[in-house]
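Asks: Hey, dropping entry37.txt in here, compact mmCIF, C-alpha atoms:
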```txt
# COMPACT_ATOMS: atom_id res chain seq x y z
CA MET A 5 -65.16 7.64 -58.46
CA ASP A 6 -68.30 6.98 -56.41
CA VAL A 7 -69.14 10.40 -55.03
CA GLY A 8 -72.53 9.19 -53.82
CA CYS A 9 -71.36 6.52 -51.39
CA GLU A 10 -72.14 7.60 -47.84
CA SER A 11 -69.52 5.26 -46.38
CA SER A 12 -66.64 6.78 -48.34
CA SER A 13 -64.58 9.66 -47.00
CA LYS A 14 -65.67 13.11 -48.07
CA LEU A 15 -63.91 14.51 -51.11
CA HIS A 16 -62.81 17.95 -52.27
CA LEU A 17 -63.44 18.39 -56.00
CA VAL A 18 -62.32 21.29 -58.18
CA ILE A 19 -64.78 21.75 -61.08
CA PHE A 20 -63.80 24.06 -63.94
CA PRO A 21 -66.10 24.46 -66.99
CA TRP A 22 -65.42 26.15 -70.32
CA LEU A 23 -66.46 29.80 -70.62
CA ALA A 24 -69.94 29.23 -72.08
CA PHE A 25 -73.23 28.98 -70.23
CA GLY A 26 -74.11 25.77 -72.03
CA HIS A 27 -71.19 24.37 -70.03
CA LEU A 28 -71.31 26.49 -66.87
CA LEU A 29 -74.88 25.52 -65.93
CA PRO A 30 -74.56 21.71 -66.29
CA TYR A 31 -71.25 21.84 -64.41
CA LEU A 32 -72.94 23.83 -61.67
CA GLU A 33 -75.64 21.13 -61.53
CA LEU A 34 -72.89 18.53 -61.09
CA ALA A 35 -71.34 20.65 -58.32
CA GLU A 36 -74.69 20.87 -56.53
CA ARG A 37 -75.26 17.13 -56.71
CA VAL A 38 -71.79 16.32 -55.43
CA ALA A 39 -72.09 18.87 -52.62
CA SER A 40 -75.55 17.64 -51.61
CA ARG A 41 -73.90 14.29 -50.84
CA GLY A 42 -71.57 15.92 -48.34
CA HIS A 43 -68.54 16.58 -50.52
CA ARG A 44 -66.84 19.94 -50.91
CA VAL A 45 -66.63 21.61 -54.32
CA SER A 46 -64.53 24.51 -55.57
CA PHE A 47 -66.35 25.77 -58.67
CA VAL A 48 -63.94 27.80 -60.80
CA SER A 49 -64.68 30.40 -63.46
CA THR A 50 -64.08 34.09 -64.15
CA PRO A 51 -65.52 36.91 -62.01
CA ARG A 52 -68.30 38.00 -64.38
CA ASN A 53 -69.37 34.43 -65.10
CA ILE A 54 -69.50 33.66 -61.38
CA ALA A 55 -71.65 36.76 -60.81
CA ARG A 56 -74.14 35.67 -63.50
CA LEU A 57 -74.68 32.15 -62.17
CA PRO A 58 -78.06 31.31 -60.64
CA PRO A 59 -78.09 30.69 -56.89
CA VAL A 60 -76.79 27.35 -55.68
CA SER A 61 -79.47 25.15 -54.12
CA PRO A 62 -79.78 25.57 -50.33
CA ALA A 63 -78.84 21.93 -49.65
CA ALA A 64 -75.54 22.33 -51.53
CA ALA A 65 -74.61 25.97 -50.92
CA PRO A 66 -72.62 25.48 -47.66
CA ARG A 67 -70.22 23.12 -49.44
CA VAL A 68 -69.82 24.96 -52.78
CA ASP A 69 -67.08 27.60 -52.99
CA LEU A 70 -67.36 29.85 -56.05
CA VAL A 71 -63.79 30.68 -57.10
CA ALA A 72 -63.30 33.65 -59.45
CA LEU A 73 -60.02 33.64 -61.38
CA PRO A 74 -59.08 36.61 -63.57
CA LEU A 75 -59.29 36.19 -67.33
CA PRO A 76 -55.90 37.33 -68.70
CA HIS A 77 -55.98 40.48 -70.83
CA VAL A 78 -55.85 40.09 -74.60
CA ASP A 79 -55.65 43.07 -76.95
CA GLY A 80 -58.87 43.39 -78.93
CA LEU A 81 -61.04 41.58 -76.39
CA GLN A 82 -63.40 44.11 -74.84
CA GLY A 83 -63.48 44.54 -71.10
CA GLY A 84 -66.00 42.32 -69.35
CA ALA A 85 -66.07 39.79 -72.19
CA GLU A 86 -65.63 36.53 -70.28
CA SER A 87 -67.95 34.08 -72.03
CA THR A 88 -68.90 33.11 -75.57
CA ASN A 89 -72.12 35.04 -75.04
CA ASP A 90 -70.10 38.27 -74.71
CA VAL A 91 -68.02 37.87 -77.86
CA PRO A 92 -69.05 38.03 -81.54
CA SER A 93 -68.34 34.76 -83.33
CA GLY A 94 -65.72 36.49 -85.47
CA LYS A 95 -63.68 37.27 -82.35
CA PHE A 96 -63.86 33.89 -80.61
CA GLU A 97 -60.15 33.40 -81.25
CA LEU A 98 -59.42 36.24 -78.80
CA LEU A 99 -61.45 34.50 -76.08
CA TRP A 100 -59.58 31.28 -76.82
CA LYS A 101 -56.25 33.10 -76.46
CA ALA A 102 -57.29 34.55 -73.10
CA PHE A 103 -58.59 31.15 -71.98
CA ASP A 104 -55.33 29.41 -72.91
CA ALA A 105 -53.53 31.86 -70.61
CA MET A 106 -55.74 30.87 -67.65
CA GLY A 107 -53.37 28.00 -66.90
CA ALA A 108 -51.21 30.41 -64.85
CA PRO A 109 -53.91 31.73 -62.47
CA PHE A 110 -55.32 28.21 -62.18
CA ALA A 111 -51.89 26.90 -61.17
CA GLU A 112 -51.62 29.66 -58.56
CA PHE A 113 -55.05 28.80 -57.14
CA LEU A 114 -54.26 25.07 -57.01
CA GLY A 115 -50.91 25.69 -55.38
CA ALA A 116 -52.60 27.69 -52.63
CA ALA A 117 -55.25 24.98 -52.19
CA CYS A 118 -52.55 22.34 -51.78
CA ALA A 119 -50.35 24.33 -49.40
CA GLU A 120 -49.74 22.55 -46.11
CA ASP A 121 -50.69 25.66 -44.11
CA ALA A 122 -53.88 26.33 -46.13
CA GLY A 123 -56.02 24.83 -43.38
CA ASN A 124 -58.32 23.15 -45.89
CA LYS A 125 -58.48 19.67 -47.36
CA ARG A 126 -56.37 19.57 -50.51
CA PRO A 127 -58.31 18.72 -53.70
CA ASP A 128 -58.85 15.01 -54.37
CA TRP A 129 -59.94 15.41 -58.00
CA ILE A 130 -60.04 18.04 -60.70
CA ILE A 131 -62.94 17.87 -63.16
CA ALA A 132 -62.06 20.00 -66.17
CA ASP A 133 -63.87 20.71 -69.41
CA THR A 134 -63.06 19.35 -72.84
CA PHE A 135 -60.73 22.17 -73.87
CA HIS A 136 -58.70 22.58 -70.65
CA HIS A 137 -55.52 21.09 -72.12
CA TRP A 138 -53.39 22.77 -69.44
CA ALA A 139 -55.45 21.60 -66.45
CA PRO A 140 -54.12 18.00 -66.38
CA LEU A 141 -50.56 19.32 -66.45
CA VAL A 142 -51.21 21.58 -63.46
CA ALA A 143 -52.93 18.68 -61.69
CA LEU A 144 -49.93 16.43 -62.34
CA GLN A 145 -47.59 18.96 -60.73
CA HIS A 146 -49.59 18.65 -57.51
CA LYS A 147 -50.20 14.88 -57.84
CA ILE A 148 -53.97 15.30 -58.19
CA PRO A 149 -55.92 13.07 -60.62
CA CYS A 150 -57.79 14.94 -63.34
CA ALA A 151 -61.00 13.91 -65.11
CA VAL A 152 -62.02 15.55 -68.39
CA LEU A 153 -65.80 15.86 -68.70
CA LEU A 154 -67.26 15.38 -72.19
CA PRO A 155 -70.66 16.47 -73.51
CA SER A 156 -73.19 13.99 -74.94
CA ALA A 157 -71.95 10.89 -76.73
CA SER A 158 -73.66 11.90 -79.99
CA VAL A 159 -71.78 15.21 -80.12
CA VAL A 160 -68.42 13.58 -79.43
CA ALA A 161 -69.04 10.67 -81.82
CA SER A 162 -69.90 13.02 -84.71
CA SER A 163 -66.73 15.05 -84.09
CA ILE A 164 -64.63 11.88 -83.98
CA SER A 165 -66.14 10.66 -87.26
CA GLN A 166 -65.41 13.96 -88.97
CA SER A 167 -61.82 14.01 -87.69
CA GLN A 168 -61.34 10.57 -89.25
CA GLY A 169 -62.67 11.71 -92.61
CA GLN A 170 -65.99 9.87 -92.36
CA ARG A 171 -69.12 11.33 -93.87
CA VAL A 172 -71.69 12.11 -91.18
CA ARG A 173 -75.20 13.37 -91.88
CA LEU A 174 -75.67 16.42 -89.68
CA PRO A 175 -77.72 19.62 -89.86
CA CYS A 176 -75.75 22.39 -91.55
CA TYR A 177 -75.31 24.38 -88.34
CA GLU A 178 -73.84 21.31 -86.58
CA GLN A 179 -71.58 20.66 -89.57
CA LYS A 180 -70.21 24.20 -89.41
CA GLN A 181 -69.72 23.91 -85.65
CA ASN A 182 -67.69 20.71 -86.09
CA GLU A 183 -65.59 22.29 -88.83
CA ARG A 184 -64.52 24.96 -86.33
CA TYR A 185 -62.98 22.25 -84.15
CA PHE A 186 -60.37 21.60 -86.84
CA THR A 187 -59.70 25.20 -87.91
CA VAL A 188 -56.70 27.00 -86.41
CA ASN A 189 -57.62 30.10 -84.41
CA GLY A 190 -55.27 32.84 -85.61
CA ALA A 191 -54.77 34.64 -82.29
CA SER A 192 -54.16 31.51 -80.21
CA ASN A 193 -52.50 29.45 -82.96
CA MET A 194 -54.42 26.33 -81.87
CA TYR A 195 -57.59 24.66 -83.03
CA ASP A 196 -60.30 23.35 -80.73
CA GLY A 197 -59.71 19.73 -81.69
CA GLU A 198 -56.07 20.09 -80.67
CA ARG A 199 -57.10 21.32 -77.23
CA PHE A 200 -59.37 18.32 -76.83
CA THR A 201 -56.71 15.87 -78.04
CA LEU A 202 -54.16 17.22 -75.55
CA ALA A 203 -56.68 17.16 -72.69
CA LYS A 204 -57.59 13.54 -73.52
CA LYS A 205 -53.95 12.50 -73.68
CA ARG A 206 -52.96 14.15 -70.40
CA CYS A 207 -55.95 13.41 -68.13
CA THR A 208 -56.33 10.49 -65.72
CA ILE A 209 -59.84 9.45 -66.76
CA MET A 210 -62.70 10.80 -68.84
CA ALA A 211 -66.31 11.35 -67.81
CA MET A 212 -69.41 12.09 -69.88
CA ARG A 213 -72.75 13.83 -69.45
CA SER A 214 -74.54 10.80 -70.83
CA CYS A 215 -74.99 7.07 -70.27
CA PRO A 216 -75.10 3.94 -72.47
CA GLU A 217 -78.83 3.50 -71.79
CA TRP A 218 -79.53 6.89 -73.40
CA GLU A 219 -77.03 6.79 -76.30
CA PRO A 220 -76.00 3.13 -76.72
CA GLU A 221 -74.28 3.24 -80.12
CA PRO A 222 -72.59 6.68 -79.84
CA PHE A 223 -71.42 5.80 -76.32
CA ARG A 224 -69.83 2.58 -77.61
CA GLN A 225 -68.05 4.54 -80.37
CA VAL A 226 -66.66 7.04 -77.89
CA VAL A 227 -65.43 4.32 -75.52
CA THR A 228 -63.64 2.59 -78.42
CA PHE A 229 -62.00 5.81 -79.59
CA MET A 230 -60.91 7.21 -76.23
CA LYS A 231 -58.97 4.17 -75.06
CA LYS A 232 -59.24 5.51 -71.51
CA PRO A 233 -61.61 4.80 -68.63
CA LEU A 234 -64.91 6.58 -69.35
CA VAL A 235 -67.33 7.26 -66.49
CA PRO A 236 -70.98 7.97 -67.44
CA LEU A 237 -72.49 10.63 -65.16
CA GLY A 238 -76.02 10.59 -66.57
CA LEU A 239 -77.88 13.49 -68.16
CA LEU A 240 -77.67 15.92 -65.19
CA PRO A 241 -81.08 17.62 -65.53
CA PRO A 242 -81.75 20.50 -63.12
CA SER A 243 -82.51 19.36 -59.57
CA PRO A 244 -86.08 19.98 -58.32
CA ASP A 245 -84.83 22.46 -55.71
CA GLY A 246 -82.03 23.95 -57.82
CA GLY A 247 -81.62 27.67 -58.43
CA ARG A 248 -82.57 27.47 -62.10
CA ARG A 249 -85.80 25.64 -61.31
CA ARG A 250 -86.75 28.16 -58.60
CA ALA A 251 -86.03 31.09 -60.93
CA ALA A 252 -88.23 29.59 -63.62
CA GLU A 253 -91.09 29.12 -61.16
CA THR A 254 -91.34 32.83 -60.39
CA ASP A 255 -93.29 33.32 -63.62
CA ASP A 256 -95.77 30.55 -64.41
CA SER A 257 -97.37 32.27 -67.43
CA THR A 258 -95.72 29.82 -69.85
CA VAL A 259 -97.01 26.82 -67.92
CA ARG A 260 -100.50 28.30 -67.77
CA TRP A 261 -100.43 28.87 -71.54
CA LEU A 262 -99.29 25.30 -72.16
CA ASP A 263 -102.04 23.94 -69.90
CA ALA A 264 -104.62 25.71 -72.05
CA GLN A 265 -103.50 24.02 -75.31
CA LEU A 266 -104.95 20.88 -76.83
CA PRO A 267 -103.00 17.63 -76.18
CA ASP A 268 -100.18 16.99 -78.67
CA SER A 269 -100.66 20.42 -80.26
CA VAL A 270 -97.39 22.11 -79.15
CA GLY A 271 -93.89 21.43 -80.44
CA TYR A 272 -90.84 22.29 -78.32
CA VAL A 273 -87.56 23.23 -80.02
CA ALA A 274 -84.37 23.79 -78.01
CA LEU A 275 -81.79 25.94 -79.78
CA GLY A 276 -79.14 25.89 -77.08
CA SER A 277 -78.14 28.78 -74.86
CA GLU A 278 -76.49 31.04 -77.46
CA VAL A 279 -77.73 30.17 -80.96
CA PRO A 280 -78.34 33.38 -82.98
CA LEU A 281 -81.12 33.04 -85.55
CA ARG A 282 -81.36 35.13 -88.73
CA VAL A 283 -84.78 36.30 -89.83
CA GLU A 284 -84.57 33.93 -92.82
```
Give the structure from the file, written as structure tokens.
Replies:
Amino acid sequence: MDVGCESSSKLHLVIFPWLAFGHLLPYLELAERVASRGHRVSFVSTPRNIARLPPVSPAAAPRVDLVALPLPHVDGLQGGAESTNDVPSGKFELLWKAFDAMGAPFAEFLGAACAEDAGNKRPDWIIADTFHHWAPLVALQHKIPCAVLLPSASVVASSISQSQGQRVRLPCYEQKQNERYFTVNGASNMYDGERFTLAKKRCTIMAMRSCPEWEPEPFRQVVTFMKKPLVPLGLLPPSPDGGRRRAAETDDSTVRWLDAQLPDSVGYVALGSEVPLRVE
């Protein structure tokens, strides 16, 4: 899938990330890069998540359609809760249940996109997130190939090792996160690892936000385990003219503070987009 080749015909890609901003933002970066090469992208999420996205870069914006699909109602899930950032960790199972029901509105959207009288180019590929176990089935109904996009090779390799009963040395917070992948969510009656397994089984190919040059050994482990074509997409850092970079540049106080420090005197720690820290 060479989306950067100028000689190839232009594609229409449907990109659908999981309902967390640690997924939404990198997927939006992928959408921008694909669109900047002349391809059309339908970026799918829920209405509130779409509204909270940063602006698409000017070079890509004319070819990126932001598609808002309703998140099905689930009793106990408060109104407006459409991402992991909106839901307490103890109620994640309700978000999973609502997410599992998104297969129906996604099928309706894809059916309309593939209709002969739609007047638009039907999708050539669907790029779905790790947990979209229903997306490849909907894609198959419309004879569209589906790629499942994985996070970094290290994350996937550690989850694979744990699922096979191997002892892996991880920080305690990572260990607890991996344990959740194999714990049944009461409301949805599925566990995260099951969603991933079904998505892997049903998709056409797999892609990864990584490359063998960056994670040689974990990447090799993932390739061996998947037993499916695996396309490395690279690390997908924010583009120089992307919306997130422009938003960060409106306040340069952090950069000015860093410039005033002695060389090698500052440590940078990234905690992810939604990690809650206790005072302890």
Asks: I'd like the neighbourhood of Pro92 (chain A) as a ChimeraX atom specification, where a residue qualifies if any of its atoms comes within 12 Å (using all atoms listed in the file), though same-chain residues fewer than 4 positions away should be ignored.
Replies: /A:80-82,85-88,96-99,278-280
Asks: Please measure the separation of CA of Asp128 (chain A) and CA of Ser13 (chain A), giving the value in Å to one decimal.
Replies: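 Separation between CA of Asp128 (chain A) and CA of Ser13 (chain A): 10.8 Å.
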Asks: Would you mind reading off the distance between CA of Gly42 (chain A) and CA of Leu23 (chain A), one decimal, in Å?
Replies: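 For CA of Gly42 (chain A) relative to CA of Leu23 (chain A), the distance reads 26.7 Å.
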Asks: Would you pick out the contacts of region 101-111 of chain A at 9 Å or less, using only C-alpha atoms, so that residues sharing its chain but fewer than 6 positions from it are not included, and give the list as a list in words?
Replies: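 In the requested format, the answer is Trp22, Leu23, Val48, Leu73, Pro74, Leu75, Pro76, His77, Val78, Leu81, His136, His137, Trp138, Ala139, Val142, Ala143, Asn189, Ala191, Ser192, Asn193 and Met194 of chain A.
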Asks: Rounded to one decimal place, report the CA of Pro149 (chain A)-CA of Thr208 (chain A) distance in Å.
Replies: 5.7 Å
Asks: So which one's closest to Pro127 (chain A), A:Arg260, A:Arg37, A:Lys14, A:Arg206? Using only C-alpha atoms, please.
Replies: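 For Pro127 (chain A), the nearest of the given residues is A:Lys14.
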Asks: A:Ser158, A:Glu112, A:Trp218, A:Asp268: which is nearest His146 (chain A), counting only C-alpha atoms?
Replies: A:Glu112
Asks: Here is a test: counting all atoms listed in the file, which residue of A:Gly94, A:Val68, A:Leu28, A:Glu33 is nearest to Asn53 (chain A)?
Replies: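 Answer, going by the shortest atom-to-atom distance: A:Leu28.
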Asks: I need the residue nearest Gln145 (chain A) from this list: A:Cys215, A:Ala35, A:Ile164, A:Leu114. Use all atoms listed in the file for the distance.
Replies: A:Leu114
